[in-house]
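Chemist: This is the structure, below, for whatever I ask next.
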Amino acid sequence: MMFGYIRFSPCGQDAGDCELYKKYYCGICRSLRSVFGFPFGAVLSYDSAFLALLLESLSPEPVGEEKIRCPLPPFRKKTAIKGPAVHFAAAANLFFFYQKVSDNCHDRNILWHFPRKIISPAYRKALSLLPQRGDRLDKAFATLYTLEKIPHLSPDERASSFGTILGELTGSFTEKTAVRSSLQRAGLHLGRWIYYIDALDDYKTDKKKGRYNPLFHLFPDRDSSGISGLMKTALRSELFSLSQEISSLPLKKNISLIQGLVFVGLEQMTTSILNKFNTTEVHDEKPLRRSGDLSGRRTGRSPKSLSGTCQKIPSGQTHR
């Protein structure tokens, strides 16, 4: 569930952006190890690196850097970004990792109950580090798990529930009302995209092992023939809305790197999962907008231009 889909693709990216991304990645690893304990560096995810990048980009101040010794071979010193955004993203990383473990427990995998017990103290610490939102987010996940037990509830409602959680978390980083609202909407659409991409990615495995998958509701007979087109529309609709919200943010730095992650990386991940689901169908990999354009202009691919099915799908739109 919801882990590791926001990945940096070095193909076509500036070498400086590649190095900058590595610095953020190393910074979160450093924060996880120093705040929660050395072993927790192993739970580092690409998603948290993106979160740190996005939140840090809102500040005009130069980022802090430090030299650290990498715990992995060949144990060389590396440069890591440090600061509030990195520490916030590290706490969020631990929060979502715990929820992933809990999700595995809910899938009736008893092997995950012991790891969940082991990481519970670190999880409680992560909740305390998320500004005035930790307990609310914990309860929101409990609600999401309850929704997943309702057999005939639309996947759209479950996706929105997770999107609201991610939006609430992302927006809590700043006290600036306008920016917070944009971050919340960006988190909403990103969360919905993650929920759908994860469900699509796990669909065949869940079907084989008899586990829960929200997409089974759309196709009760578990015939996968209509899912690809429906999910293609829903996923790219969410990416379009996400691109709108990202474009509305007053980004001060990391612009080309964020563009590479949002407008190229997420599109490539969407294509990859769709092709994995249905290898007989070819999907185009056209980015949501041309390279270098991260202005306030809303030039992303419109959901109305996407092919779809007669099935009811999430529109990807939010009311402002």
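Residues are referred to by chain and number: the chain letter is A, B, ... according to the order shown in the structure tokens, the number counts from 1 in that chain, and ligands are numbered separately from 1 in the order shown.
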Could you list, as a compact mmCIF listing (two decimals) with C-alpha atoms, in the first residue's frame, every residue within 12 Å of Ser9 in chain A, counting only C-alpha atoms and ignoring same-chain residues fewer than 2 positions away?

Modeler:
```
# COMPACT_ATOMS: atom_id res chain seq x y z
CA TYR A 5 5.76 4.95 -6.54
CA ILE A 6 7.16 8.51 -6.72
CA ARG A 7 10.51 7.75 -8.27
CA CYS A 11 16.84 9.71 -18.03
CA GLY A 12 16.94 13.14 -19.66
CA GLN A 13 17.51 14.93 -16.35
CA ASP A 14 20.25 17.45 -15.66
CA ALA A 15 23.26 16.01 -13.83
CA ASP A 17 19.31 17.63 -10.51
CA CYS A 18 20.45 14.03 -10.11
CA TYR A 21 17.98 14.46 -5.52
CA LYS A 22 20.64 12.19 -4.00
CA TYR A 46 11.42 7.63 -2.70
CA LEU A 257 13.68 18.58 -10.37
CA ILE A 258 10.07 18.74 -9.17
CA GLN A 259 8.95 18.92 -12.78
CA GLY A 260 10.95 15.81 -13.59
CA LEU A 261 9.34 13.93 -10.70
CA VAL A 262 5.75 15.07 -11.27
CA PHE A 263 5.39 15.61 -15.00
CA VAL A 264 7.71 12.84 -16.18
CA GLY A 265 8.35 10.35 -13.37
CA LEU A 266 4.71 9.86 -12.33
CA GLU A 267 3.61 9.59 -15.95
CA GLN A 268 6.26 6.95 -16.60
CA MET A 269 5.20 5.04 -13.49
```

Chemist: Report as JSON lines: every residue of range 86-154 of chain A with an atom at most 12 Å from range 185-203 of chain A, its closest pair of atoms, and their distance in Å to one decimal, counting only C-alpha atoms, with rows sorted by chain and ascending residue number.

Modeler:
```
{"residue": "A:Phe96", "atom": "CA", "partner": "A:Gly191", "partner_atom": "CA", "distance": 11.9}
{"residue": "A:Lys100", "atom": "CA", "partner": "A:Asp198", "partner_atom": "CA", "distance": 11.6}
{"residue": "A:Leu144", "atom": "CA", "partner": "A:Tyr195", "partner_atom": "CA", "distance": 11.5}
```

Chemist: Please provide as a ChimeraX atom specification all residues within 12 Å of Phe36 in chain A, with the sequence filter that same-chain residues fewer than 2 positions apart are discarded (counting only C-alpha atoms).

Modeler: /A:28-34,38-44,87,90-91,93-95,119-127,129
